[in-house]
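Chemist: For reference, the file final.cif (mmCIF, C-alpha atoms and all ligand atoms) is included below:
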data_target
#
loop_
_atom_site.label_atom_id
_atom_site.label_comp_id
_atom_site.auth_asym_id
_atom_site.auth_seq_id
_atom_site.Cartn_x
_atom_site.Cartn_y
_atom_site.Cartn_z
CA MET A 1 66.21 -9.18 76.76
CA LYS A 2 66.01 -7.67 80.24
CA LEU A 3 65.68 -4.06 81.32
CA LEU A 4 65.62 -2.72 84.85
CA ILE A 5 63.98 0.61 85.69
CA LYS A 6 65.60 1.54 88.95
CA GLY A 7 64.70 3.94 91.71
CA GLY A 8 61.80 5.79 90.06
CA ARG A 9 58.55 6.98 91.63
CA VAL A 10 56.06 4.63 90.02
CA ILE A 11 52.57 6.01 89.52
CA ASN A 12 49.99 3.52 88.35
CA PRO A 13 46.45 4.91 88.46
CA SER A 14 44.68 1.59 87.81
CA SER A 15 46.03 0.19 91.11
CA GLY A 16 46.57 3.47 92.95
CA LEU A 17 50.30 2.70 93.31
CA ASP A 18 52.51 5.72 94.08
CA GLU A 19 55.81 4.45 95.43
CA VAL A 20 59.54 4.45 94.78
CA ILE A 21 60.03 0.94 93.46
CA ASP A 22 61.95 -0.96 90.75
CA ILE A 23 60.47 -2.57 87.63
CA LEU A 24 62.09 -5.51 85.88
CA VAL A 25 61.15 -6.09 82.26
CA GLU A 26 61.89 -9.29 80.36
CA ASP A 27 61.07 -9.97 76.72
CA GLY A 28 58.69 -7.03 76.53
CA ILE A 29 56.69 -8.02 79.62
CA ILE A 30 56.79 -6.66 83.18
CA LYS A 31 58.31 -9.51 85.22
CA ALA A 32 58.65 -7.97 88.67
CA ILE A 33 57.75 -4.83 90.61
CA SER A 34 59.66 -4.75 93.82
CA LYS A 35 62.03 -2.81 96.06
CA ASP A 36 65.71 -3.08 95.25
CA ILE A 37 65.72 -5.62 92.41
CA GLN A 38 69.25 -6.89 91.76
CA VAL A 39 70.37 -7.95 88.28
CA ASP A 40 73.49 -9.25 86.48
CA LYS A 41 76.01 -6.76 85.17
CA ASN A 42 74.93 -7.25 81.54
CA VAL A 43 71.32 -6.11 82.11
CA ASN A 44 70.49 -2.61 80.83
CA ILE A 45 69.44 -0.26 83.60
CA VAL A 46 67.40 2.93 83.28
CA HIS A 47 68.27 5.00 86.34
CA ALA A 48 65.03 6.73 87.28
CA ASP A 49 65.92 8.47 90.54
CA ASN A 50 63.79 11.60 90.95
CA LYS A 51 61.79 10.61 87.87
CA ILE A 52 58.13 9.63 87.55
CA VAL A 53 57.56 6.20 86.04
CA CYS A 54 54.12 5.73 84.48
CA PRO A 55 52.32 3.28 82.22
CA GLY A 56 53.01 4.16 78.57
CA PHE A 57 51.06 7.25 77.54
CA ILE A 58 48.29 6.72 74.98
CA ASP A 59 47.01 9.39 72.60
CA LEU A 60 43.61 8.65 71.07
CA HIS A 61 43.75 11.55 68.63
CA VAL A 62 46.66 11.94 66.22
CA HIS A 63 46.81 12.95 62.56
CA LEU A 64 49.65 11.00 60.96
CA ARG A 65 48.76 12.30 57.46
CA GLU A 66 50.00 9.19 55.65
CA PRO A 67 48.84 8.20 53.07
CA GLY A 68 48.41 11.32 51.00
CA PHE A 69 49.81 14.24 52.97
CA GLU A 70 53.34 13.07 53.64
CA TYR A 71 54.60 16.63 53.16
CA LYS A 72 52.85 17.44 56.48
CA GLU A 73 53.75 14.24 58.37
CA ASP A 74 54.26 10.55 57.75
CA ILE A 75 54.11 7.48 59.91
CA ALA A 76 57.88 7.46 60.46
CA SER A 77 58.05 11.13 61.55
CA GLY A 78 54.74 11.11 63.46
CA THR A 79 55.61 8.03 65.52
CA ARG A 80 59.04 9.50 66.29
CA ALA A 81 57.32 12.67 67.45
CA ALA A 82 55.12 10.47 69.65
CA ALA A 83 58.11 8.65 71.13
CA ALA A 84 59.99 11.90 71.77
CA GLY A 85 56.85 13.27 73.41
CA GLY A 86 56.51 10.29 75.76
CA PHE A 87 53.73 8.39 73.97
CA THR A 88 53.93 4.62 73.49
CA SER A 89 50.59 4.17 71.68
CA ILE A 90 48.69 6.46 69.34
CA CYS A 91 45.47 6.27 67.38
CA CYS A 92 45.58 7.84 63.94
CA MET A 93 42.64 9.65 62.40
CA PRO A 94 41.32 8.70 58.97
CA ASN A 95 41.40 12.11 57.23
CA THR A 96 44.14 10.90 54.90
CA ASN A 97 44.11 10.55 51.11
CA PRO A 98 42.77 8.01 50.43
CA VAL A 99 40.61 8.13 53.55
CA ILE A 100 40.86 5.16 55.94
CA ASP A 101 37.38 4.01 54.97
CA ASN A 102 38.20 0.48 53.82
CA ALA A 103 40.32 -2.48 54.86
CA ALA A 104 43.04 -1.87 52.27
CA VAL A 105 43.94 1.58 53.61
CA ALA A 106 43.65 0.47 57.25
CA SER A 107 45.96 -2.47 56.52
CA PHE A 108 48.40 -0.19 54.71
CA VAL A 109 48.61 2.06 57.79
CA LYS A 110 49.13 -0.92 60.10
CA GLU A 111 51.80 -2.45 57.88
CA ARG A 112 53.61 0.84 57.38
CA ALA A 113 53.51 1.46 61.13
CA ALA A 114 54.97 -1.98 61.79
CA LYS A 115 57.79 -1.27 59.31
CA SER A 116 58.65 2.40 59.82
CA GLY A 117 56.92 3.30 63.12
CA VAL A 118 58.53 3.29 66.54
CA VAL A 119 55.40 3.25 68.75
CA ASN A 120 52.14 1.27 68.63
CA VAL A 121 49.73 2.64 66.02
CA TYR A 122 45.99 1.92 66.06
CA PRO A 123 44.00 3.26 63.11
CA ILE A 124 40.59 4.86 63.52
CA GLY A 125 38.35 4.07 60.55
CA ALA A 126 36.03 6.58 58.91
CA VAL A 127 32.34 6.59 59.77
CA THR A 128 31.35 7.39 56.19
CA LYS A 129 32.87 6.68 52.79
CA GLN A 130 35.43 9.40 51.98
CA GLN A 131 34.20 11.17 55.10
CA ALA A 132 31.52 12.58 52.84
CA GLY A 133 28.73 12.01 55.36
CA LYS A 134 26.54 10.21 52.83
CA GLU A 135 27.13 6.45 52.99
CA LEU A 136 28.48 4.33 55.82
CA ALA A 137 32.06 3.08 55.40
CA GLU A 138 32.80 -0.67 55.33
CA ILE A 139 32.62 -0.88 59.10
CA ALA A 140 32.94 -4.67 59.51
CA ASP A 141 35.98 -4.71 57.20
CA LEU A 142 37.56 -1.84 59.11
CA VAL A 143 37.18 -3.78 62.36
CA THR A 144 38.72 -6.90 60.80
CA ALA A 145 41.62 -4.79 59.53
CA GLY A 146 42.34 -3.58 63.07
CA CYS A 147 40.51 -0.26 63.48
CA VAL A 148 39.76 0.45 67.14
CA GLY A 149 37.13 3.14 66.64
CA LEU A 150 35.25 5.12 64.01
CA SER A 151 35.42 8.83 63.28
CA ASP A 152 35.05 11.34 60.47
CA ASP A 153 37.33 13.64 62.48
CA GLY A 154 38.21 16.88 60.77
CA LYS A 155 34.62 16.82 59.63
CA PRO A 156 31.41 16.24 61.56
CA VAL A 157 28.83 13.61 60.62
CA LEU A 158 26.12 16.13 59.85
CA GLY A 159 23.21 13.80 59.09
CA SER A 160 21.55 12.58 62.27
CA ASP A 161 20.17 9.57 60.38
CA ILE A 162 23.67 8.54 59.22
CA MET A 163 25.04 8.98 62.73
CA ARG A 164 22.23 6.85 64.12
CA HIS A 165 22.94 4.05 61.65
CA ALA A 166 26.68 4.31 62.30
CA MET A 167 26.01 3.93 66.02
CA ASP A 168 23.85 0.87 65.41
CA TYR A 169 26.63 -0.73 63.34
CA ALA A 170 29.39 0.26 65.74
CA ASN A 171 27.37 -1.30 68.54
CA MET A 172 27.51 -4.70 66.86
CA PHE A 173 31.30 -4.58 67.20
CA ASN A 174 31.39 -2.84 70.59
CA LEU A 175 33.31 -0.07 68.84
CA PRO A 176 33.33 3.55 70.04
CA ILE A 177 32.41 6.40 67.69
CA LEU A 178 34.81 9.31 68.16
CA SER A 179 32.74 12.32 67.26
CA HIS A 180 34.05 15.63 65.94
CA CYS A 181 31.22 17.85 67.14
CA GLU A 182 30.69 20.80 64.83
CA ASP A 183 27.56 22.21 63.28
CA THR A 184 29.13 23.64 60.14
CA GLY A 185 26.07 25.79 59.57
CA LEU A 186 27.16 27.71 62.67
CA SER A 187 30.94 27.49 62.25
CA SER A 188 31.33 28.03 58.51
CA GLY A 189 33.76 30.85 57.70
CA GLY A 190 34.74 31.16 61.36
CA GLN A 191 38.40 31.65 62.23
CA MET A 192 38.47 31.78 66.02
CA ASN A 193 36.22 31.76 69.09
CA GLU A 194 33.25 34.09 68.76
CA GLY A 195 33.39 36.74 71.45
CA TYR A 196 35.12 39.91 72.60
CA PHE A 197 38.47 39.09 70.96
CA SER A 198 37.03 38.06 67.58
CA THR A 199 35.37 41.47 67.48
CA ILE A 200 38.57 43.28 68.47
CA PHE A 201 40.70 41.30 66.00
CA GLY A 202 38.14 41.62 63.20
CA LEU A 203 37.90 37.89 62.59
CA GLN A 204 34.74 35.87 62.04
CA GLY A 205 33.84 33.90 65.13
CA ILE A 206 32.82 30.30 65.85
CA PRO A 207 30.22 30.26 68.65
CA ASP A 208 30.25 27.69 71.47
CA GLU A 209 26.94 26.48 70.15
CA ALA A 210 28.55 25.16 66.95
CA GLU A 211 30.08 22.48 69.18
CA GLU A 212 27.36 22.15 71.81
CA VAL A 213 24.45 21.57 69.40
CA MET A 214 26.27 18.49 68.08
CA VAL A 215 27.38 17.30 71.51
CA ALA A 216 23.72 17.39 72.57
CA ARG A 217 22.60 15.61 69.39
CA ASP A 218 25.16 12.85 69.71
CA ILE A 219 24.33 12.32 73.37
CA MET A 220 20.66 11.99 72.41
CA LEU A 221 21.52 9.49 69.68
CA THR A 222 23.55 7.47 72.16
CA GLY A 223 20.47 7.42 74.35
CA LEU A 224 18.53 6.09 71.37
CA THR A 225 21.04 3.47 70.19
CA GLY A 226 23.01 2.56 73.32
CA ALA A 227 26.20 3.00 71.30
CA ARG A 228 29.56 3.95 72.80
CA LEU A 229 30.10 7.63 72.10
CA HIS A 230 33.44 9.34 72.60
CA LEU A 231 33.39 13.12 72.15
CA CYS A 232 36.61 14.54 70.71
CA HIS A 233 38.44 17.74 71.68
CA LEU A 234 35.69 19.36 73.80
CA SER A 235 36.37 23.04 74.26
CA THR A 236 33.44 24.72 76.02
CA ALA A 237 31.94 24.84 79.50
CA GLY A 238 28.56 24.02 77.93
CA SER A 239 29.88 20.81 76.36
CA ILE A 240 31.35 19.65 79.66
CA ASN A 241 27.99 20.31 81.36
CA LEU A 242 26.18 18.25 78.74
CA VAL A 243 28.58 15.32 79.25
CA ARG A 244 28.21 15.59 83.02
CA LEU A 245 24.43 15.34 82.69
CA ALA A 246 24.69 12.45 80.22
CA LYS A 247 26.96 10.54 82.60
CA LYS A 248 24.54 11.17 85.47
CA LYS A 249 21.86 9.58 83.33
CA GLY A 250 24.10 6.54 82.85
CA LEU A 251 24.63 7.04 79.12
CA ASN A 252 27.58 5.45 77.35
CA VAL A 253 29.53 8.67 76.86
CA THR A 254 33.22 9.53 77.26
CA CYS A 255 35.14 12.64 76.25
CA GLU A 256 38.58 14.07 75.73
CA VAL A 257 40.13 17.51 76.10
CA THR A 258 43.38 18.73 74.57
CA PRO A 259 46.42 20.32 76.23
CA HIS A 260 45.89 23.50 74.19
CA HIS A 261 42.24 23.94 75.18
CA LEU A 262 43.35 23.49 78.80
CA THR A 263 46.00 26.18 78.72
CA LEU A 264 45.41 28.79 75.99
CA THR A 265 42.62 31.30 75.43
CA ASP A 266 41.40 33.16 72.35
CA GLU A 267 43.41 36.18 73.49
CA VAL A 268 46.60 34.52 72.12
CA ILE A 269 45.31 35.14 68.59
CA GLU A 270 46.49 38.72 69.14
CA GLY A 271 49.29 39.18 66.60
CA TYR A 272 47.42 36.78 64.31
CA ASP A 273 49.64 33.81 65.13
CA THR A 274 48.30 31.18 62.74
CA ASP A 275 49.91 28.47 64.90
CA ALA A 276 47.14 29.19 67.42
CA LYS A 277 44.42 28.65 64.81
CA VAL A 278 42.74 25.38 65.64
CA ASN A 279 39.38 23.71 65.35
CA PRO A 280 37.55 23.81 67.73
CA PRO A 281 39.02 27.22 68.53
CA LEU A 282 40.77 28.29 71.72
CA ARG A 283 38.05 29.62 74.03
CA THR A 284 37.89 31.74 77.21
CA PRO A 285 39.32 31.55 80.75
CA GLU A 286 35.86 30.44 81.97
CA ASP A 287 35.93 27.53 79.53
CA ILE A 288 39.40 26.49 80.71
CA GLU A 289 38.12 26.59 84.27
CA ALA A 290 35.18 24.35 83.32
CA LEU A 291 37.43 21.83 81.53
CA ILE A 292 39.63 21.60 84.62
CA VAL A 293 36.60 21.14 86.89
CA GLY A 294 35.53 18.40 84.44
CA ILE A 295 38.92 16.74 84.80
CA ASN A 296 38.77 16.84 88.57
CA ASP A 297 35.18 15.61 88.96
CA GLY A 298 35.55 12.70 86.51
CA THR A 299 33.53 14.16 83.63
CA VAL A 300 36.60 14.17 81.38
CA ASP A 301 37.98 10.71 80.58
CA CYS A 302 41.24 11.44 78.81
CA ILE A 303 43.60 14.03 77.42
CA ALA A 304 44.34 13.70 73.69
CA THR A 305 46.59 15.95 71.64
CA ASP A 306 44.67 16.27 68.34
CA HIS A 307 48.21 16.40 66.90
CA ALA A 308 47.57 18.21 63.59
CA PRO A 309 50.88 18.84 61.80
CA HIS A 310 50.86 21.22 58.85
CA HIS A 311 53.59 22.32 56.45
CA LEU A 312 54.88 25.89 56.52
CA GLU A 313 52.87 27.11 53.51
CA SER A 314 49.58 26.18 55.26
CA LYS A 315 50.45 28.40 58.21
CA ASP A 316 52.76 31.11 56.86
CA CYS A 317 49.92 33.09 55.30
CA GLU A 318 47.00 35.37 56.16
CA PHE A 319 45.02 34.18 59.19
CA ASN A 320 41.88 33.63 57.13
CA LEU A 321 43.72 31.32 54.73
CA ALA A 322 45.69 29.32 57.29
CA ALA A 323 44.90 25.68 58.07
CA PHE A 324 43.44 24.73 61.44
CA GLY A 325 45.64 22.64 63.71
CA ILE A 326 48.40 22.43 66.30
CA SER A 327 51.37 20.04 66.29
CA GLY A 328 50.88 18.63 69.77
CA LEU A 329 52.72 15.37 70.43
CA GLU A 330 55.99 16.88 71.55
CA THR A 331 54.55 19.46 73.94
CA ALA A 332 51.68 17.55 75.58
CA ILE A 333 53.56 16.39 78.68
CA PRO A 334 55.24 19.72 79.53
CA VAL A 335 52.02 21.66 78.84
CA VAL A 336 49.90 19.44 81.09
CA MET A 337 52.69 19.31 83.69
CA SER A 338 52.30 23.10 83.95
CA LEU A 339 48.79 22.44 85.31
CA VAL A 340 50.19 19.88 87.76
CA ASN A 341 52.91 22.31 88.84
CA SER A 342 50.34 25.03 89.50
CA GLY A 343 48.21 22.65 91.56
CA LYS A 344 45.23 22.61 89.18
CA ILE A 345 45.47 18.89 88.39
CA ASP A 346 46.77 16.13 90.63
CA LEU A 347 49.70 14.13 89.20
CA MET A 348 47.95 10.77 89.61
CA ARG A 349 44.92 12.16 87.74
CA MET A 350 47.11 13.48 84.93
CA VAL A 351 48.70 10.06 84.50
CA GLU A 352 45.24 8.42 84.54
CA LEU A 353 44.04 10.73 81.75
CA PHE A 354 46.97 9.69 79.56
CA THR A 355 46.94 5.94 80.33
CA VAL A 356 44.09 3.85 81.69
CA GLY A 357 41.57 6.56 80.69
CA PRO A 358 42.21 6.31 76.93
CA ALA A 359 42.98 2.56 77.09
CA ASP A 360 39.50 1.83 78.45
CA ILE A 361 37.83 3.84 75.69
CA ILE A 362 39.31 1.70 72.90
CA ASN A 363 39.52 -1.56 74.92
CA LEU A 364 43.31 -1.58 74.81
CA ASP A 365 45.20 -4.07 76.98
CA ARG A 366 47.70 -1.36 77.92
CA GLY A 367 47.81 1.64 80.23
CA THR A 368 48.80 -0.18 83.42
CA ILE A 369 51.94 -1.27 85.25
CA GLU A 370 51.51 -4.75 86.69
CA VAL A 371 53.31 -8.06 86.55
CA GLY A 372 52.43 -9.76 83.26
CA ALA A 373 51.48 -6.52 81.49
CA ILE A 374 53.10 -5.38 78.25
CA ALA A 375 56.08 -3.20 79.18
CA ASP A 376 55.01 0.11 77.67
CA ILE A 377 56.36 2.73 80.04
CA THR A 378 56.69 6.51 80.04
CA ILE A 379 59.17 8.19 82.36
CA ILE A 380 58.90 11.89 83.14
CA ASP A 381 61.58 14.18 84.51
CA PRO A 382 59.47 16.57 86.62
CA ASP A 383 62.39 18.94 87.24
CA LYS A 384 63.68 19.43 83.71
CA ILE A 385 63.19 22.99 82.51
CA GLN A 386 63.31 23.58 78.78
CA MET A 387 62.05 25.96 76.12
CA VAL A 388 59.86 24.71 73.26
CA ASN A 389 61.87 24.83 70.05
CA PRO A 390 59.78 23.52 67.13
CA GLN A 391 62.90 23.26 64.97
CA ASN A 392 63.92 20.35 67.22
CA PHE A 393 60.59 18.53 66.73
CA TYR A 394 60.66 15.10 65.12
CA SER A 395 57.26 16.03 63.69
CA LYS A 396 57.34 17.69 60.29
CA GLY A 397 54.69 20.04 61.69
CA LYS A 398 56.43 22.94 63.44
CA ASN A 399 53.07 24.64 64.05
CA THR A 400 52.99 25.23 67.78
CA PRO A 401 51.67 28.25 69.67
CA TYR A 402 53.99 27.27 72.56
CA LYS A 403 57.19 28.14 70.65
CA ASN A 404 59.82 29.81 72.83
CA ARG A 405 57.81 29.13 75.98
CA GLU A 406 59.57 27.53 78.90
CA PHE A 407 58.09 24.53 80.75
CA ARG A 408 59.10 22.40 83.73
CA GLY A 409 58.47 18.64 83.42
CA TRP A 410 59.48 16.83 80.23
CA PRO A 411 59.54 13.25 78.97
CA TYR A 412 62.66 11.41 80.14
CA ALA A 413 62.27 7.99 78.54
CA THR A 414 59.77 6.14 76.35
CA ILE A 415 59.78 2.37 76.51
CA VAL A 416 57.71 0.34 74.04
CA LYS A 417 57.37 -3.39 74.69
CA GLY A 418 60.49 -3.33 76.83
CA GLU A 419 62.56 -1.39 74.30
CA LEU A 420 63.91 2.05 75.01
CA VAL A 421 62.76 4.04 71.96
CA ALA A 422 63.47 7.55 73.22
CA SER A 423 65.46 9.07 76.02
CA GLU A 424 65.57 12.73 76.98
CA GLY A 425 63.71 13.69 73.82
CA ILE A 426 66.11 11.83 71.51
CA VAL A 427 64.64 8.93 69.53
CA ARG A 428 67.03 6.01 69.17
O1 LIG B 1 42.42 21.92 64.06
C1 LIG B 1 42.14 20.84 63.59
N1 LIG B 1 42.94 20.23 62.67
N2 LIG B 1 40.99 20.23 63.96
C2 LIG B 1 40.55 19.11 63.37
O2 LIG B 1 39.52 18.63 63.76
C3 LIG B 1 41.30 18.52 62.23
C4 LIG B 1 42.72 18.88 62.28
C5 LIG B 1 43.48 18.55 61.01
O3 LIG B 1 43.29 17.47 60.47
O4 LIG B 1 44.29 19.38 60.59
#
Take the structure in the file and give it back as structure tokens.
Ligand code: DOR
Modeler:
Amino acid sequence: MKLLIKGGRVINPSSGLDEVIDILVEDGIIKAISKDIQVDKNVNIVHADNKIVCPGFIDLHVHLREPGFEYKEDIASGTRAAAAGGFTSICCMPNTNPVIDNAAVASFVKERAAKSGVVNVYPIGAVTKQQAGKELAEIADLVTAGCVGLSDDGKPVLGSDIMRHAMDYANMFNLPILSHCEDTGLSSGGQMNEGYFSTIFGLQGIPDEAEEVMVARDIMLTGLTGARLHLCHLSTAGSINLVRLAKKKGLNVTCEVTPHHLTLTDEVIEGYDTDAKVNPPLRTPEDIEALIVGINDGTVDCIATDHAPHHLESKDCEFNLAAFGISGLETAIPVVMSLVNSGKIDLMRMVELFTVGPADIINLDRGTIEVGAIADITIIDPDKIQMVNPQNFYSKGKNTPYKNREFRGWPYATIVKGELVASEGIVR
């Protein structure tokens, strides 16, 4: 099976390529990258004139909810949301029911993804049994079953001793720990960022320090153990500073930021829109500024969505009772493109943060366009202008604070192993 991607502007951060050039794919592998490739009449052609052709986008942080919470999302709907959103590979977090804390559940997720999924799915195993923070999960079994990292995401690993042991174990398998940094002693009961707006809106706040205390602790434990630490969804200027210092020291630390923390502040909680309730909470303009500086100076390693779909009943209620989380897969590209369009982030850097950046963190042999590489490719239409309509989401989670907002720059095509799985937002 051959596929020709013709006339697109190919951006490949791992080689620095930024050129209008054709890509020929054969049997799921990139066969040629060259000007003006000619093919037989029967070969499928994706016409990519005025489009941006990138390595397949990778999202390290997705909640697929299956098994256990299929009313919020399942592997079929979540992977379709990923494909529609331009992602070819996603990692799914273990806060399912049962938790992905043993080989049987990890294998179930992999098998289900192979059967009903449309993009590559890599499970993240739990750090502790049932994410209870007490006993380590069966880490070796999780690795054998195909987990590419460990996390208790949704919950922090509160015990420093447990985190230290987890790091020692993870080290044996060269596995990253993806840490959800939250001191629940400081965040408990909190509904939004602690500051001026939480006072005005009469909601209990979550201080920056709830995140930063744990970022500092985990960085120290990485210093102690030498383990690979990946810090999830960082939201504050202080956290970015801590990572910058850790990197200067040569510690094994990477981090991600989300599209929503890059573009929305706590002010949007005005009107008590529960779709903007997320953990960690939306912060301040100064924090956004610091995250963007972190992107541009290399402190931030990747952008991840923290796609957290919820059903209507979890969100259509009083703010205090609503679940935390934003359905993010189908808005990530347009939201981050808004930062490219306003000149805050360079296009090549954006593509890097969605491709080779995350691939390196989980040792994935994807995220690059070169001859011989697996043909996972994301194509963006930088000129398409469209409003966000959650009712058109493939995700069961319609919980987006971007509803009815217009963006320029949307996914045009998603190609997984040489197969066109989505075009112009429609999954095949
Ligand atoms: O807002 C969030 N929702 N943050 C998390 O860390 C977990 C996630 C979820 O699972 O709903």
Chemist: Find the residues near segment 300-312 of chain A: any atom within 7 Å, counting all atoms listed in the file, skip ones fewer than 6 places away on the same chain, and give them as a ChimeraX atom specification.
Modeler: /A:59-63,71-73,254-259,294,325-329,332,353-354,357-358,396-397,399
Chemist: For segment 148-156 of chain A, find every residue with an atom within 10 Å (counting only C-alpha atoms), except residues of its own chain fewer than 5 positions away, and show them as a ChimeraX atom specification.
Modeler: /A:60-61,63,91-95,99-101,122-133,137,139,142-143,163,166-167,170,173-184,211,214,228-230,232,279-280,306,308,324-325,361-364
Chemist: Could you write out the selected residues, including C-alpha atoms, as a CSV table (one decimal), in the coordinates of the input?
Modeler:
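Writing the result to part-v7.csv gives the following:
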chain,number,residue,atom,x,y,z
A,60,LEU,CA,43.6,8.6,71.1
A,61,HIS,CA,43.8,11.6,68.6
A,63,HIS,CA,46.8,13.0,62.6
A,91,CYS,CA,45.5,6.3,67.4
A,92,CYS,CA,45.6,7.8,63.9
A,93,MET,CA,42.6,9.6,62.4
A,94,PRO,CA,41.3,8.7,59.0
A,95,ASN,CA,41.4,12.1,57.2
A,99,VAL,CA,40.6,8.1,53.6
A,100,ILE,CA,40.9,5.2,55.9
A,101,ASP,CA,37.4,4.0,55.0
A,122,TYR,CA,46.0,1.9,66.1
A,123,PRO,CA,44.0,3.3,63.1
A,124,ILE,CA,40.6,4.9,63.5
A,125,GLY,CA,38.4,4.1,60.6
A,126,ALA,CA,36.0,6.6,58.9
A,127,VAL,CA,32.3,6.6,59.8
A,128,THR,CA,31.4,7.4,56.2
A,129,LYS,CA,32.9,6.7,52.8
A,130,GLN,CA,35.4,9.4,52.0
A,131,GLN,CA,34.2,11.2,55.1
A,132,ALA,CA,31.5,12.6,52.8
A,133,GLY,CA,28.7,12.0,55.4
A,137,ALA,CA,32.1,3.1,55.4
A,139,ILE,CA,32.6,-0.9,59.1
A,142,LEU,CA,37.6,-1.8,59.1
A,143,VAL,CA,37.2,-3.8,62.4
A,163,MET,CA,25.0,9.0,62.7
A,166,ALA,CA,26.7,4.3,62.3
A,167,MET,CA,26.0,3.9,66.0
A,170,ALA,CA,29.4,0.3,65.7
A,173,PHE,CA,31.3,-4.6,67.2
A,174,ASN,CA,31.4,-2.8,70.6
A,175,LEU,CA,33.3,-0.1,68.8
A,176,PRO,CA,33.3,3.6,70.0
A,177,ILE,CA,32.4,6.4,67.7
A,178,LEU,CA,34.8,9.3,68.2
A,179,SER,CA,32.7,12.3,67.3
A,180,HIS,CA,34.0,15.6,65.9
A,181,CYS,CA,31.2,17.8,67.1
A,182,GLU,CA,30.7,20.8,64.8
A,183,ASP,CA,27.6,22.2,63.3
A,184,THR,CA,29.1,23.6,60.1
A,211,GLU,CA,30.1,22.5,69.2
A,214,MET,CA,26.3,18.5,68.1
A,228,ARG,CA,29.6,4.0,72.8
A,229,LEU,CA,30.1,7.6,72.1
A,230,HIS,CA,33.4,9.3,72.6
A,232,CYS,CA,36.6,14.5,70.7
A,279,ASN,CA,39.4,23.7,65.4
A,280,PRO,CA,37.6,23.8,67.7
A,306,ASP,CA,44.7,16.3,68.3
A,308,ALA,CA,47.6,18.2,63.6
A,324,PHE,CA,43.4,24.7,61.4
A,325,GLY,CA,45.6,22.6,63.7
A,361,ILE,CA,37.8,3.8,75.7
A,362,ILE,CA,39.3,1.7,72.9
A,363,ASN,CA,39.5,-1.6,74.9
A,364,LEU,CA,43.3,-1.6,74.8
Chemist: So which residues touch Ile52 of chain A within 7 Å, counting all atoms listed in the file, skipping near sequence neighbours fewer than 2 positions away, as a list in words?
Modeler: Gly8, Arg9, Val10, Ile11, Asn50, Cys54, Ile379, Ile380 and Asp381 of chain A
Chemist: Just to be explicit: take each residue in the selection above, keep C-alpha atoms, and write the result as a CSV table (one decimal), in the coordinates of the input.
Modeler:
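The resulting file, result17.csv, is reproduced below:
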chain,number,residue,atom,x,y,z
A,8,GLY,CA,61.8,5.8,90.1
A,9,ARG,CA,58.6,7.0,91.6
A,10,VAL,CA,56.1,4.6,90.0
A,11,ILE,CA,52.6,6.0,89.5
A,50,ASN,CA,63.8,11.6,91.0
A,54,CYS,CA,54.1,5.7,84.5
A,379,ILE,CA,59.2,8.2,82.4
A,380,ILE,CA,58.9,11.9,83.1
A,381,ASP,CA,61.6,14.2,84.5
Chemist: Any idea what the distance is between atom CA of Phe393 of chain A and atom CA of Ile426 of chain A?
Modeler: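 Between atom CA of Phe393 of chain A and atom CA of Ile426 of chain A the gap is 9.9 Å.
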Chemist: Considering only C-alpha atoms, return as a list in words whatever protein or nucleic-acid residues lie within 7 Å of Ala322 of chain A, sequence-local ones (same chain, fewer than 6 positions apart) excluded.
Modeler: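 Close residues of Ala322 of chain A: Thr274, Ser314 and Lys315 of chain A.
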Chemist: Counting all atoms listed in the file, which of A:Arg164, A:Arg65, A:Lys417, A:Lys403 gets nearest to Asp273 of chain A?
Modeler: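 Counting all atoms listed in the file, the residue closest to Asp273 of chain A is A:Lys403.
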Chemist: So, with only C-alpha atoms and all ligand atoms as the atoms that count, which of A:Asn296, A:Thr355, A:Thr400, A:Ser77 lies closest to ligand LIG 1 (chain B)?
Modeler: A:Thr400
Chemist: Restricting the calculation to all atoms listed in the file, which member of A:Val118, A:Ile374, A:Ala276, A:Ile240 is positioned closest to ligand LIG 1 (chain B)?
Modeler: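 Ranked by minimum distance to ligand LIG 1 (chain B), first place goes to A:Ala276.
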Chemist: Would you compute the distance between atom CA of Ala76 of chain A and atom CA of Ala113 of chain A? Give it in Å to one decimal.
Modeler: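 Calculated distance between atom CA of Ala76 of chain A and atom CA of Ala113 of chain A is 7.5 Å.
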Chemist: Using all atoms listed in the file, which residue out of A:Ile5, A:Val39, A:Ile29, A:Met192 lies closest to ligand LIG 1 (chain B)?
Modeler: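 Once distances to ligand LIG 1 (chain B) are computed over all atoms listed in the file, the minimum belongs to A:Met192.
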Chemist: For a quick check of understanding, using all atoms listed in the file, which of A:Leu245, A:Leu234, A:Cys147, A:Ala104 has the smallest distance to ligand LIG 1 (chain B)?
Modeler: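 Looking at the shortest contact to ligand LIG 1 (chain B), the residue is A:Leu234.
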Chemist: Excluding Phe57 of chain A and residues on its chain fewer than 6 positions from it, collect all residues at most 9 Å away from it, counting all atoms listed in the file, and give them as a list of chain:residue names.
Modeler: A:Gly86, A:Phe87, A:Thr88, A:Ser89, A:Ile90, A:Val351, A:Leu353, A:Phe354, A:Thr355, A:Val356, A:Pro358, A:Gly367, A:Asp376, A:Ile377, A:Thr378, A:Thr414
Chemist: Nearest to Met348 of chain A among A:Leu4, A:Leu203, A:Val421, A:Ile295, with distances taken over only C-alpha atoms: which residue is it?
Modeler: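 Smallest distance to Met348 of chain A is found for A:Ile295.
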